>>> print(open('start-v5.cif').read())   # mmCIF, N, CA and C atoms
data_start
loop_
_atom_site.label_atom_id
_atom_site.label_comp_id
_atom_site.auth_asym_id
_atom_site.auth_seq_id
_atom_site.Cartn_x
_atom_site.Cartn_y
_atom_site.Cartn_z
N MET A 18 -21.03 -26.06 -20.71
CA MET A 18 -20.16 -25.19 -21.43
C MET A 18 -21.01 -24.14 -22.13
N ALA A 19 -20.64 -22.91 -21.94
CA ALA A 19 -21.35 -21.83 -22.60
C ALA A 19 -20.87 -21.69 -24.03
N VAL A 20 -21.76 -21.40 -24.92
CA VAL A 20 -21.42 -21.17 -26.31
C VAL A 20 -21.55 -19.68 -26.58
N LEU A 21 -20.52 -19.10 -27.14
CA LEU A 21 -20.53 -17.69 -27.48
C LEU A 21 -21.06 -17.52 -28.89
N HIS A 22 -21.88 -16.52 -29.09
CA HIS A 22 -22.37 -16.22 -30.43
C HIS A 22 -21.63 -14.98 -30.90
N LEU A 23 -20.89 -15.14 -31.99
CA LEU A 23 -20.02 -14.08 -32.46
C LEU A 23 -20.66 -13.24 -33.55
N ASN A 24 -20.17 -12.01 -33.63
CA ASN A 24 -20.56 -11.06 -34.66
C ASN A 24 -19.34 -10.18 -34.92
N PRO A 25 -19.39 -9.25 -35.87
CA PRO A 25 -18.21 -8.44 -36.16
C PRO A 25 -17.68 -7.66 -34.95
N GLU A 26 -18.54 -7.31 -34.02
CA GLU A 26 -18.10 -6.52 -32.87
C GLU A 26 -17.28 -7.31 -31.85
N ASN A 27 -17.54 -8.62 -31.70
CA ASN A 27 -16.83 -9.38 -30.67
C ASN A 27 -15.93 -10.48 -31.22
N PHE A 28 -15.84 -10.62 -32.54
CA PHE A 28 -15.09 -11.73 -33.14
C PHE A 28 -13.60 -11.67 -32.81
N GLU A 29 -12.93 -10.58 -33.16
CA GLU A 29 -11.48 -10.49 -32.98
C GLU A 29 -11.08 -10.68 -31.53
N GLN A 30 -11.79 -10.05 -30.61
CA GLN A 30 -11.46 -10.18 -29.19
C GLN A 30 -11.61 -11.62 -28.72
N THR A 31 -12.62 -12.31 -29.21
CA THR A 31 -12.87 -13.68 -28.78
C THR A 31 -11.80 -14.64 -29.29
N VAL A 32 -11.40 -14.53 -30.55
CA VAL A 32 -10.45 -15.50 -31.11
C VAL A 32 -8.99 -15.16 -30.83
N SER A 33 -8.71 -14.00 -30.26
CA SER A 33 -7.33 -13.55 -30.10
C SER A 33 -6.61 -14.12 -28.89
N ASN A 34 -7.28 -14.90 -28.05
CA ASN A 34 -6.64 -15.38 -26.83
C ASN A 34 -6.99 -16.84 -26.57
N GLY A 35 -6.01 -17.73 -26.67
CA GLY A 35 -6.24 -19.13 -26.39
C GLY A 35 -6.83 -19.89 -27.56
N LYS A 36 -7.27 -21.10 -27.30
CA LYS A 36 -7.84 -21.98 -28.32
C LYS A 36 -9.33 -21.68 -28.48
N VAL A 37 -9.74 -21.46 -29.70
CA VAL A 37 -11.15 -21.16 -29.96
C VAL A 37 -11.58 -21.93 -31.20
N MET A 38 -12.66 -22.66 -31.08
CA MET A 38 -13.27 -23.37 -32.20
C MET A 38 -14.46 -22.55 -32.64
N VAL A 39 -14.43 -22.04 -33.86
CA VAL A 39 -15.52 -21.21 -34.38
C VAL A 39 -16.30 -22.01 -35.41
N ASP A 40 -17.56 -22.20 -35.13
CA ASP A 40 -18.46 -22.94 -35.99
C ASP A 40 -19.29 -21.95 -36.80
N PHE A 41 -19.05 -21.88 -38.10
CA PHE A 41 -19.88 -21.06 -38.98
C PHE A 41 -21.07 -21.93 -39.36
N TRP A 42 -22.26 -21.48 -39.05
CA TRP A 42 -23.45 -22.32 -39.15
C TRP A 42 -24.67 -21.48 -39.52
N ALA A 43 -25.79 -22.13 -39.67
CA ALA A 43 -27.09 -21.47 -39.84
C ALA A 43 -28.14 -22.35 -39.16
N PRO A 44 -29.19 -21.75 -38.64
CA PRO A 44 -30.20 -22.52 -37.92
C PRO A 44 -30.87 -23.60 -38.78
N TRP A 45 -30.94 -23.41 -40.07
CA TRP A 45 -31.59 -24.37 -40.95
C TRP A 45 -30.68 -25.52 -41.37
N CYS A 46 -29.40 -25.50 -41.00
CA CYS A 46 -28.42 -26.51 -41.42
C CYS A 46 -28.41 -27.68 -40.43
N MET A 47 -28.98 -28.81 -40.82
CA MET A 47 -29.08 -29.96 -39.91
C MET A 47 -27.71 -30.52 -39.49
N PRO A 48 -26.73 -30.69 -40.38
CA PRO A 48 -25.42 -31.17 -39.91
C PRO A 48 -24.77 -30.21 -38.92
N CYS A 49 -25.08 -28.93 -39.03
CA CYS A 49 -24.51 -27.93 -38.11
C CYS A 49 -24.99 -28.16 -36.68
N GLN A 50 -26.16 -28.73 -36.53
CA GLN A 50 -26.74 -28.90 -35.20
C GLN A 50 -25.99 -29.93 -34.36
N SER A 51 -25.17 -30.78 -34.99
CA SER A 51 -24.54 -31.88 -34.27
C SER A 51 -23.17 -31.55 -33.68
N LEU A 52 -22.70 -30.32 -33.84
CA LEU A 52 -21.34 -29.98 -33.41
C LEU A 52 -21.30 -29.43 -32.00
N GLU A 53 -20.41 -29.86 -31.20
CA GLU A 53 -20.09 -29.29 -29.90
C GLU A 53 -18.66 -29.59 -29.48
N GLY A 54 -16.80 -29.24 -27.51
CA GLY A 54 -15.64 -29.89 -27.15
C GLY A 54 -14.85 -29.21 -26.16
N ASN A 55 -11.90 -29.03 -24.73
CA ASN A 55 -11.19 -28.18 -23.75
C ASN A 55 -10.80 -26.92 -24.50
N VAL A 56 -11.83 -26.20 -24.92
CA VAL A 56 -11.67 -25.10 -25.86
C VAL A 56 -12.91 -24.21 -25.76
N THR A 57 -12.73 -22.94 -26.06
CA THR A 57 -13.88 -22.05 -26.15
C THR A 57 -14.64 -22.41 -27.42
N VAL A 58 -15.92 -22.58 -27.30
CA VAL A 58 -16.74 -22.88 -28.47
C VAL A 58 -17.56 -21.63 -28.78
N ALA A 59 -17.45 -21.19 -30.00
CA ALA A 59 -18.16 -19.99 -30.43
C ALA A 59 -18.85 -20.27 -31.75
N LYS A 60 -19.93 -19.56 -31.98
CA LYS A 60 -20.70 -19.78 -33.20
C LYS A 60 -20.90 -18.47 -33.94
N VAL A 61 -20.88 -18.54 -35.26
CA VAL A 61 -21.18 -17.39 -36.11
C VAL A 61 -22.34 -17.80 -37.01
N ASN A 62 -23.47 -17.14 -36.84
CA ASN A 62 -24.63 -17.39 -37.70
C ASN A 62 -24.37 -16.68 -39.03
N VAL A 63 -24.17 -17.45 -40.09
CA VAL A 63 -23.82 -16.86 -41.38
C VAL A 63 -24.96 -16.05 -41.99
N ASP A 64 -26.18 -16.34 -41.61
CA ASP A 64 -27.31 -15.55 -42.11
C ASP A 64 -27.29 -14.14 -41.52
N GLU A 65 -26.86 -14.03 -40.28
CA GLU A 65 -26.85 -12.74 -39.59
C GLU A 65 -25.51 -12.02 -39.68
N ASN A 66 -24.43 -12.72 -40.04
CA ASN A 66 -23.08 -12.16 -40.04
C ASN A 66 -22.34 -12.52 -41.32
N LYS A 67 -22.91 -12.11 -42.44
CA LYS A 67 -22.34 -12.44 -43.75
C LYS A 67 -20.92 -11.91 -43.91
N ALA A 68 -20.61 -10.76 -43.33
CA ALA A 68 -19.27 -10.17 -43.47
C ALA A 68 -18.19 -11.08 -42.89
N LEU A 69 -18.47 -11.71 -41.75
CA LEU A 69 -17.48 -12.62 -41.16
C LEU A 69 -17.32 -13.87 -42.02
N ALA A 70 -18.41 -14.38 -42.56
CA ALA A 70 -18.32 -15.55 -43.44
C ALA A 70 -17.48 -15.22 -44.67
N VAL A 71 -17.65 -14.05 -45.23
CA VAL A 71 -16.86 -13.63 -46.38
C VAL A 71 -15.40 -13.45 -45.99
N LYS A 72 -15.15 -12.78 -44.86
CA LYS A 72 -13.78 -12.52 -44.41
C LYS A 72 -12.98 -13.82 -44.26
N PHE A 73 -13.63 -14.87 -43.77
CA PHE A 73 -12.94 -16.14 -43.53
C PHE A 73 -13.20 -17.16 -44.64
N ARG A 74 -13.69 -16.68 -45.78
CA ARG A 74 -13.88 -17.51 -46.96
C ARG A 74 -14.70 -18.77 -46.68
N VAL A 75 -15.77 -18.61 -45.94
CA VAL A 75 -16.67 -19.73 -45.64
C VAL A 75 -17.61 -19.88 -46.83
N MET A 76 -17.42 -20.96 -47.57
CA MET A 76 -18.20 -21.19 -48.78
C MET A 76 -19.28 -22.25 -48.58
N SER A 77 -19.14 -23.03 -47.50
CA SER A 77 -20.07 -24.11 -47.22
C SER A 77 -20.19 -24.24 -45.71
N ILE A 78 -21.35 -24.63 -45.25
CA ILE A 78 -21.52 -24.84 -43.81
C ILE A 78 -21.97 -26.26 -43.56
N PRO A 79 -21.61 -26.84 -42.42
CA PRO A 79 -20.81 -26.21 -41.40
C PRO A 79 -19.34 -26.12 -41.77
N THR A 80 -18.72 -24.99 -41.44
CA THR A 80 -17.28 -24.82 -41.49
C THR A 80 -16.85 -24.52 -40.07
N VAL A 81 -15.87 -25.25 -39.58
CA VAL A 81 -15.36 -25.03 -38.23
C VAL A 81 -13.89 -24.63 -38.38
N ILE A 82 -13.55 -23.47 -37.81
CA ILE A 82 -12.18 -22.99 -37.86
C ILE A 82 -11.63 -22.98 -36.45
N PHE A 83 -10.45 -23.54 -36.29
CA PHE A 83 -9.78 -23.59 -34.99
C PHE A 83 -8.72 -22.51 -34.95
N PHE A 84 -8.81 -21.62 -33.97
CA PHE A 84 -7.86 -20.54 -33.81
C PHE A 84 -7.04 -20.76 -32.55
N VAL A 85 -5.78 -20.36 -32.57
CA VAL A 85 -4.95 -20.30 -31.37
C VAL A 85 -4.36 -18.90 -31.33
N ASP A 86 -4.69 -18.16 -30.29
CA ASP A 86 -4.22 -16.78 -30.12
C ASP A 86 -4.45 -15.94 -31.37
N GLY A 87 -5.62 -16.11 -31.96
CA GLY A 87 -6.02 -15.29 -33.10
C GLY A 87 -5.56 -15.77 -34.46
N VAL A 88 -4.81 -16.86 -34.51
CA VAL A 88 -4.29 -17.38 -35.78
C VAL A 88 -5.03 -18.66 -36.15
N GLU A 89 -5.53 -18.72 -37.38
CA GLU A 89 -6.20 -19.95 -37.84
C GLU A 89 -5.18 -21.07 -37.93
N LYS A 90 -5.49 -22.20 -37.28
CA LYS A 90 -4.59 -23.34 -37.28
C LYS A 90 -5.14 -24.54 -38.04
N GLU A 91 -6.44 -24.65 -38.10
CA GLU A 91 -7.06 -25.82 -38.73
C GLU A 91 -8.47 -25.43 -39.17
N ARG A 92 -8.96 -26.12 -40.20
CA ARG A 92 -10.31 -25.85 -40.72
C ARG A 92 -10.93 -27.16 -41.17
N LEU A 93 -12.18 -27.35 -40.81
CA LEU A 93 -12.95 -28.50 -41.28
C LEU A 93 -14.21 -28.00 -41.96
N VAL A 94 -14.53 -28.58 -43.09
CA VAL A 94 -15.77 -28.26 -43.79
C VAL A 94 -16.61 -29.51 -43.80
N GLY A 95 -17.83 -29.41 -43.31
CA GLY A 95 -18.71 -30.56 -43.21
C GLY A 95 -18.80 -31.03 -41.77
N ALA A 96 -19.69 -31.96 -41.54
CA ALA A 96 -19.88 -32.50 -40.19
C ALA A 96 -18.99 -33.72 -40.00
N TYR A 97 -18.36 -33.80 -38.84
CA TYR A 97 -17.48 -34.90 -38.49
C TYR A 97 -17.89 -35.45 -37.13
N PRO A 98 -17.45 -36.66 -36.79
CA PRO A 98 -17.72 -37.18 -35.45
C PRO A 98 -17.02 -36.32 -34.40
N LYS A 99 -17.57 -36.30 -33.22
CA LYS A 99 -17.02 -35.53 -32.10
C LYS A 99 -15.54 -35.83 -31.89
N GLU A 100 -15.14 -37.07 -32.10
CA GLU A 100 -13.75 -37.49 -31.90
C GLU A 100 -12.79 -36.71 -32.80
N LYS A 101 -13.22 -36.38 -34.00
CA LYS A 101 -12.36 -35.63 -34.93
C LYS A 101 -12.09 -34.23 -34.37
N TYR A 102 -13.10 -33.58 -33.85
CA TYR A 102 -12.92 -32.24 -33.27
C TYR A 102 -12.01 -32.31 -32.06
N LEU A 103 -12.23 -33.33 -31.22
CA LEU A 103 -11.40 -33.49 -30.02
C LEU A 103 -9.95 -33.77 -30.41
N GLU A 104 -9.73 -34.55 -31.45
CA GLU A 104 -8.37 -34.83 -31.92
C GLU A 104 -7.68 -33.54 -32.32
N ILE A 105 -8.35 -32.70 -33.06
CA ILE A 105 -7.75 -31.43 -33.49
C ILE A 105 -7.49 -30.54 -32.29
N ILE A 106 -8.46 -30.43 -31.40
CA ILE A 106 -8.30 -29.60 -30.21
C ILE A 106 -7.10 -30.07 -29.40
N ASN A 107 -6.96 -31.36 -29.21
CA ASN A 107 -5.85 -31.90 -28.42
C ASN A 107 -4.50 -31.69 -29.08
N ASN A 108 -4.48 -31.56 -30.40
CA ASN A 108 -3.23 -31.36 -31.13
C ASN A 108 -2.87 -29.89 -31.34
N LEU A 109 -3.73 -28.99 -30.95
CA LEU A 109 -3.44 -27.55 -31.11
C LEU A 109 -2.35 -27.11 -30.16
#
>>> encode(input="start-v5.cif", output="structure tokens")
Amino acid sequence: MAVLHLNPENFEQTVSNGKVMVDFWAPWCMPCQSLEGNVTVAKVNVDENKALAVKFRVMSIPTVIFFVDGVEKERLVGAYPKEKYLEIINNL
């Protein structure tokens, strides 16, 4: 599965169609390294894209936001087992 790396230029286009799990993360965040799931997986490096983190009120990482057709449907803050992400994806 390819992981998309998002920035202000490609964010809206990426999340506006279908199910998208966006992981707000940073390379130095160890819990962030453990996240991965029948959905587009995209990442936003908060160190390089502070404006997106502010826009989506990301106060702590990892924050994972699940979008469906551009609308935020669910949000998790912190690291969870893979099963939790799959449960949310399956219920979207």
>>> closest_residue(input="start-v5.cif", among="A:Leu23, A:Pro79, A:Val58, A:Thr31", to="Arg92 in chain A", atoms="only C-alpha atoms")
A:Pro79
>>> resolve_selection(input="start-v5.cif", expression="the PyMOL selection byres ((chain A and resi 85) around 8)", output="count of residues only")
17
>>> atom_distance(input="start-v5.cif", atom1="atom C of Tyr102 in chain A", atom2="CA of Ala59 in chain A")
13.9 Å
>>> select_by_dssp(input="start-v5.cif", residues="chain A", states="alpha helix (DSSP H)", output="PDB file with N, CA and C atoms, in the coordinates of the input")
ATOM      1  N   PHE A  28     -15.840 -10.620 -32.540  1.00  0.00           N
ATOM      2  CA  PHE A  28     -15.090 -11.730 -33.140  1.00  0.00           C
ATOM      3  C   PHE A  28     -13.600 -11.670 -32.810  1.00  0.00           C
ATOM      4  N   GLU A  29     -12.930 -10.580 -33.160  1.00  0.00           N
ATOM      5  CA  GLU A  29     -11.480 -10.490 -32.980  1.00  0.00           C
ATOM      6  C   GLU A  29     -11.080 -10.680 -31.530  1.00  0.00           C
ATOM      7  N   GLN A  30     -11.790 -10.050 -30.610  1.00  0.00           N
ATOM      8  CA  GLN A  30     -11.460 -10.180 -29.190  1.00  0.00           C
ATOM      9  C   GLN A  30     -11.610 -11.620 -28.720  1.00  0.00           C
ATOM     10  N   THR A  31     -12.620 -12.310 -29.210  1.00  0.00           N
ATOM     11  CA  THR A  31     -12.870 -13.680 -28.780  1.00  0.00           C
ATOM     12  C   THR A  31     -11.800 -14.640 -29.290  1.00  0.00           C
ATOM     13  N   VAL A  32     -11.400 -14.530 -30.550  1.00  0.00           N
ATOM     14  CA  VAL A  32     -10.450 -15.500 -31.110  1.00  0.00           C
ATOM     15  C   VAL A  32      -8.990 -15.160 -30.830  1.00  0.00           C
ATOM     16  N   LYS A  67     -22.910 -12.110 -42.440  1.00  0.00           N
ATOM     17  CA  LYS A  67     -22.340 -12.440 -43.750  1.00  0.00           C
ATOM     18  C   LYS A  67     -20.920 -11.910 -43.910  1.00  0.00           C
ATOM     19  N   ALA A  68     -20.610 -10.760 -43.330  1.00  0.00           N
ATOM     20  CA  ALA A  68     -19.270 -10.170 -43.470  1.00  0.00           C
ATOM     21  C   ALA A  68     -18.190 -11.080 -42.890  1.00  0.00           C
ATOM     22  N   LEU A  69     -18.470 -11.710 -41.750  1.00  0.00           N
ATOM     23  CA  LEU A  69     -17.480 -12.620 -41.160  1.00  0.00           C
ATOM     24  C   LEU A  69     -17.320 -13.870 -42.020  1.00  0.00           C
ATOM     25  N   ALA A  70     -18.410 -14.380 -42.560  1.00  0.00           N
ATOM     26  CA  ALA A  70     -18.320 -15.550 -43.440  1.00  0.00           C
ATOM     27  C   ALA A  70     -17.480 -15.220 -44.670  1.00  0.00           C
ATOM     28  N   VAL A  71     -17.650 -14.050 -45.230  1.00  0.00           N
ATOM     29  CA  VAL A  71     -16.860 -13.630 -46.380  1.00  0.00           C
ATOM     30  C   VAL A  71     -15.400 -13.450 -45.990  1.00  0.00           C
ATOM     31  N   LYS A  72     -15.150 -12.780 -44.860  1.00  0.00           N
ATOM     32  CA  LYS A  72     -13.780 -12.520 -44.410  1.00  0.00           C
ATOM     33  C   LYS A  72     -12.980 -13.820 -44.260  1.00  0.00           C
ATOM     34  N   LYS A  99     -17.570 -36.300 -33.220  1.00  0.00           N
ATOM     35  CA  LYS A  99     -17.020 -35.530 -32.100  1.00  0.00           C
ATOM     36  C   LYS A  99     -15.540 -35.830 -31.890  1.00  0.00           C
ATOM     37  N   GLU A 100     -15.140 -37.070 -32.100  1.00  0.00           N
ATOM     38  CA  GLU A 100     -13.750 -37.490 -31.900  1.00  0.00           C
ATOM     39  C   GLU A 100     -12.790 -36.710 -32.800  1.00  0.00           C
ATOM     40  N   LYS A 101     -13.220 -36.380 -34.000  1.00  0.00           N
ATOM     41  CA  LYS A 101     -12.360 -35.630 -34.930  1.00  0.00           C
ATOM     42  C   LYS A 101     -12.090 -34.230 -34.370  1.00  0.00           C
ATOM     43  N   TYR A 102     -13.100 -33.580 -33.850  1.00  0.00           N
ATOM     44  CA  TYR A 102     -12.920 -32.240 -33.270  1.00  0.00           C
ATOM     45  C   TYR A 102     -12.010 -32.310 -32.060  1.00  0.00           C
ATOM     46  N   LEU A 103     -12.230 -33.330 -31.220  1.00  0.00           N
ATOM     47  CA  LEU A 103     -11.400 -33.490 -30.020  1.00  0.00           C
ATOM     48  C   LEU A 103      -9.950 -33.770 -30.410  1.00  0.00           C
ATOM     49  N   GLU A 104      -9.730 -34.550 -31.450  1.00  0.00           N
ATOM     50  CA  GLU A 104      -8.370 -34.830 -31.920  1.00  0.00           C
ATOM     51  C   GLU A 104      -7.680 -33.540 -32.320  1.00  0.00           C
ATOM     52  N   ILE A 105      -8.350 -32.700 -33.060  1.00  0.00           N
ATOM     53  CA  ILE A 105      -7.750 -31.430 -33.490  1.00  0.00           C
ATOM     54  C   ILE A 105      -7.490 -30.540 -32.290  1.00  0.00           C
ATOM     55  N   ILE A 106      -8.460 -30.430 -31.400  1.00  0.00           N
ATOM     56  CA  ILE A 106      -8.300 -29.600 -30.210  1.00  0.00           C
ATOM     57  C   ILE A 106      -7.100 -30.070 -29.400  1.00  0.00           C
ATOM     58  N   ASN A 107      -6.960 -31.360 -29.210  1.00  0.00           N
ATOM     59  CA  ASN A 107      -5.850 -31.900 -28.420  1.00  0.00           C
ATOM     60  C   ASN A 107      -4.500 -31.690 -29.080  1.00  0.00           C
ATOM     61  N   ASN A 108      -4.480 -31.560 -30.400  1.00  0.00           N
ATOM     62  CA  ASN A 108      -3.230 -31.360 -31.130  1.00  0.00           C
ATOM     63  C   ASN A 108      -2.870 -29.890 -31.340  1.00  0.00           C
TER      64      ASN A 108
END
>>> closest_residue(input="start-v5.cif", among="A:Ala68, A:Tyr97, A:Lys60, A:Asn24", to="Val39 in chain A", atoms="only C-alpha atoms")
A:Lys60
>>> atom_distance(input="start-v5.cif", atom1="atom N of Val71 in chain A", atom2="atom C of Phe41 in chain A")
10.4 Å
>>> axis_aligned_box(input="start-v5.cif", around="range 94-100 of chain A", padding_each_side="5 Å", output="lines of an AutoDock Vina configuration file")
center_x = -16.3
center_y = -32.9
center_z = -37.8
size_x = 17.1
size_y = 19.2
size_z = 21.9
>>> select_by_dssp(input="start-v5.cif", residues="range 39-103 of chain A", states="strand (DSSP E)", output="PyMOL selection string")
chain A and resi 39-42+57-62+80-85+88-94
>>> write_last_selection(input="start-v5.cif", atoms="N, CA and C atoms", output="JSON list (two decimals), keeping the file's coordinate frame")
[["chain", "number", "residue", "atom", "x", "y", "z"],
["A", 39, "VAL", "N", -14.43, -22.04, -33.86],
["A", 39, "VAL", "CA", -15.52, -21.21, -34.38],
["A", 39, "VAL", "C", -16.30, -22.01, -35.41],
["A", 40, "ASP", "N", -17.56, -22.20, -35.13],
["A", 40, "ASP", "CA", -18.46, -22.94, -35.99],
["A", 40, "ASP", "C", -19.29, -21.95, -36.80],
["A", 41, "PHE", "N", -19.05, -21.88, -38.10],
["A", 41, "PHE", "CA", -19.88, -21.06, -38.98],
["A", 41, "PHE", "C", -21.07, -21.93, -39.36],
["A", 42, "TRP", "N", -22.26, -21.48, -39.05],
["A", 42, "TRP", "CA", -23.45, -22.32, -39.15],
["A", 42, "TRP", "C", -24.67, -21.48, -39.52],
["A", 57, "THR", "N", -12.73, -22.94, -26.06],
["A", 57, "THR", "CA", -13.88, -22.05, -26.15],
["A", 57, "THR", "C", -14.64, -22.41, -27.42],
["A", 58, "VAL", "N", -15.92, -22.58, -27.30],
["A", 58, "VAL", "CA", -16.74, -22.88, -28.47],
["A", 58, "VAL", "C", -17.56, -21.63, -28.78],
["A", 59, "ALA", "N", -17.45, -21.19, -30.00],
["A", 59, "ALA", "CA", -18.16, -19.99, -30.43],
["A", 59, "ALA", "C", -18.85, -20.27, -31.75],
["A", 60, "LYS", "N", -19.93, -19.56, -31.98],
["A", 60, "LYS", "CA", -20.70, -19.78, -33.20],
["A", 60, "LYS", "C", -20.90, -18.47, -33.94],
["A", 61, "VAL", "N", -20.88, -18.54, -35.26],
["A", 61, "VAL", "CA", -21.18, -17.39, -36.11],
["A", 61, "VAL", "C", -22.34, -17.80, -37.01],
["A", 62, "ASN", "N", -23.47, -17.14, -36.84],
["A", 62, "ASN", "CA", -24.63, -17.39, -37.70],
["A", 62, "ASN", "C", -24.37, -16.68, -39.03],
["A", 80, "THR", "N", -18.72, -24.99, -41.44],
["A", 80, "THR", "CA", -17.28, -24.82, -41.49],
["A", 80, "THR", "C", -16.85, -24.52, -40.07],
["A", 81, "VAL", "N", -15.87, -25.25, -39.58],
["A", 81, "VAL", "CA", -15.36, -25.03, -38.23],
["A", 81, "VAL", "C", -13.89, -24.63, -38.38],
["A", 82, "ILE", "N", -13.55, -23.47, -37.81],
["A", 82, "ILE", "CA", -12.18, -22.99, -37.86],
["A", 82, "ILE", "C", -11.63, -22.98, -36.45],
["A", 83, "PHE", "N", -10.45, -23.54, -36.29],
["A", 83, "PHE", "CA", -9.78, -23.59, -34.99],
["A", 83, "PHE", "C", -8.72, -22.51, -34.95],
["A", 84, "PHE", "N", -8.81, -21.62, -33.97],
["A", 84, "PHE", "CA", -7.86, -20.54, -33.81],
["A", 84, "PHE", "C", -7.04, -20.76, -32.55],
["A", 85, "VAL", "N", -5.78, -20.36, -32.57],
["A", 85, "VAL", "CA", -4.95, -20.30, -31.37],
["A", 85, "VAL", "C", -4.36, -18.90, -31.33],
["A", 88, "VAL", "N", -4.81, -16.86, -34.51],
["A", 88, "VAL", "CA", -4.29, -17.38, -35.78],
["A", 88, "VAL", "C", -5.03, -18.66, -36.15],
["A", 89, "GLU", "N", -5.53, -18.72, -37.38],
["A", 89, "GLU", "CA", -6.20, -19.95, -37.84],
["A", 89, "GLU", "C", -5.18, -21.07, -37.93],
["A", 90, "LYS", "N", -5.49, -22.20, -37.28],
["A", 90, "LYS", "CA", -4.59, -23.34, -37.28],
["A", 90, "LYS", "C", -5.14, -24.54, -38.04],
["A", 91, "GLU", "N", -6.44, -24.65, -38.10],
["A", 91, "GLU", "CA", -7.06, -25.82, -38.73],
["A", 91, "GLU", "C", -8.47, -25.43, -39.17],
["A", 92, "ARG", "N", -8.96, -26.12, -40.20],
["A", 92, "ARG", "CA", -10.31, -25.85, -40.72],
["A", 92, "ARG", "C", -10.93, -27.16, -41.17],
["A", 93, "LEU", "N", -12.18, -27.35, -40.81],
["A", 93, "LEU", "CA", -12.95, -28.50, -41.28],
["A", 93, "LEU", "C", -14.21, -28.00, -41.96],
["A", 94, "VAL", "N", -14.53, -28.58, -43.09],
["A", 94, "VAL", "CA", -15.77, -28.26, -43.79],
["A", 94, "VAL", "C", -16.61, -29.51, -43.80]]
>>> residues_around(input="start-v5.cif", residues="Asn62 in chain A", least_positions_apart="3", cutoff="6 Å", atoms="only C-alpha atoms", output="JSON, numbers by chain")
{"A": [42, 43, 65, 66]}
>>> atom_distance(input="start-v5.cif", atom1="CA of Met76 in chain A", atom2="CA of Asn107 in chain A")
26.1 Å
>>> resolve_selection(input="start-v5.cif", expression="the PyMOL selection byres (((chain A and resi 48 and name CA) around 12) and name CA)", output="mmCIF file with N, CA and C atoms, in the frame of the given file")
data_model
loop_
_atom_site.group_PDB
_atom_site.id
_atom_site.type_symbol
_atom_site.label_atom_id
_atom_site.label_comp_id
_atom_site.auth_asym_id
_atom_site.auth_seq_id
_atom_site.Cartn_x
_atom_site.Cartn_y
_atom_site.Cartn_z
ATOM 1 N N ASP A 40 -17.560 -22.200 -35.130
ATOM 2 C CA ASP A 40 -18.460 -22.940 -35.990
ATOM 3 C C ASP A 40 -19.290 -21.950 -36.800
ATOM 4 N N PHE A 41 -19.050 -21.880 -38.100
ATOM 5 C CA PHE A 41 -19.880 -21.060 -38.980
ATOM 6 C C PHE A 41 -21.070 -21.930 -39.360
ATOM 7 N N TRP A 42 -22.260 -21.480 -39.050
ATOM 8 C CA TRP A 42 -23.450 -22.320 -39.150
ATOM 9 C C TRP A 42 -24.670 -21.480 -39.520
ATOM 10 N N ALA A 43 -25.790 -22.130 -39.670
ATOM 11 C CA ALA A 43 -27.090 -21.470 -39.840
ATOM 12 C C ALA A 43 -28.140 -22.350 -39.160
ATOM 13 N N PRO A 44 -29.190 -21.750 -38.640
ATOM 14 C CA PRO A 44 -30.200 -22.520 -37.920
ATOM 15 C C PRO A 44 -30.870 -23.600 -38.780
ATOM 16 N N TRP A 45 -30.940 -23.410 -40.070
ATOM 17 C CA TRP A 45 -31.590 -24.370 -40.950
ATOM 18 C C TRP A 45 -30.680 -25.520 -41.370
ATOM 19 N N CYS A 46 -29.400 -25.500 -41.000
ATOM 20 C CA CYS A 46 -28.420 -26.510 -41.420
ATOM 21 C C CYS A 46 -28.410 -27.680 -40.430
ATOM 22 N N MET A 47 -28.980 -28.810 -40.820
ATOM 23 C CA MET A 47 -29.080 -29.960 -39.910
ATOM 24 C C MET A 47 -27.710 -30.520 -39.490
ATOM 25 N N CYS A 49 -25.080 -28.930 -39.030
ATOM 26 C CA CYS A 49 -24.510 -27.930 -38.110
ATOM 27 C C CYS A 49 -24.990 -28.160 -36.680
ATOM 28 N N GLN A 50 -26.160 -28.730 -36.530
ATOM 29 C CA GLN A 50 -26.740 -28.900 -35.200
ATOM 30 C C GLN A 50 -25.990 -29.930 -34.360
ATOM 31 N N SER A 51 -25.170 -30.780 -34.990
ATOM 32 C CA SER A 51 -24.540 -31.880 -34.270
ATOM 33 C C SER A 51 -23.170 -31.550 -33.680
ATOM 34 N N LEU A 52 -22.700 -30.320 -33.840
ATOM 35 C CA LEU A 52 -21.340 -29.980 -33.410
ATOM 36 C C LEU A 52 -21.300 -29.430 -32.000
ATOM 37 N N GLU A 53 -20.410 -29.860 -31.200
ATOM 38 C CA GLU A 53 -20.090 -29.290 -29.900
ATOM 39 C C GLU A 53 -18.660 -29.590 -29.480
ATOM 40 N N SER A 77 -19.140 -23.030 -47.500
ATOM 41 C CA SER A 77 -20.070 -24.110 -47.220
ATOM 42 C C SER A 77 -20.190 -24.240 -45.710
ATOM 43 N N ILE A 78 -21.350 -24.630 -45.250
ATOM 44 C CA ILE A 78 -21.520 -24.840 -43.810
ATOM 45 C C ILE A 78 -21.970 -26.260 -43.560
ATOM 46 N N PRO A 79 -21.610 -26.840 -42.420
ATOM 47 C CA PRO A 79 -20.810 -26.210 -41.400
ATOM 48 C C PRO A 79 -19.340 -26.120 -41.770
ATOM 49 N N THR A 80 -18.720 -24.990 -41.440
ATOM 50 C CA THR A 80 -17.280 -24.820 -41.490
ATOM 51 C C THR A 80 -16.850 -24.520 -40.070
ATOM 52 N N VAL A 81 -15.870 -25.250 -39.580
ATOM 53 C CA VAL A 81 -15.360 -25.030 -38.230
ATOM 54 C C VAL A 81 -13.890 -24.630 -38.380
ATOM 55 N N VAL A 94 -14.530 -28.580 -43.090
ATOM 56 C CA VAL A 94 -15.770 -28.260 -43.790
ATOM 57 C C VAL A 94 -16.610 -29.510 -43.800
ATOM 58 N N GLY A 95 -17.830 -29.410 -43.310
ATOM 59 C CA GLY A 95 -18.710 -30.560 -43.210
ATOM 60 C C GLY A 95 -18.800 -31.030 -41.770
ATOM 61 N N ALA A 96 -19.690 -31.960 -41.540
ATOM 62 C CA ALA A 96 -19.880 -32.500 -40.190
ATOM 63 C C ALA A 96 -18.990 -33.720 -40.000
ATOM 64 N N TYR A 97 -18.360 -33.800 -38.840
ATOM 65 C CA TYR A 97 -17.480 -34.900 -38.490
ATOM 66 C C TYR A 97 -17.890 -35.450 -37.130
ATOM 67 N N PRO A 98 -17.450 -36.660 -36.790
ATOM 68 C CA PRO A 98 -17.720 -37.180 -35.450
ATOM 69 C C PRO A 98 -17.020 -36.320 -34.400
#
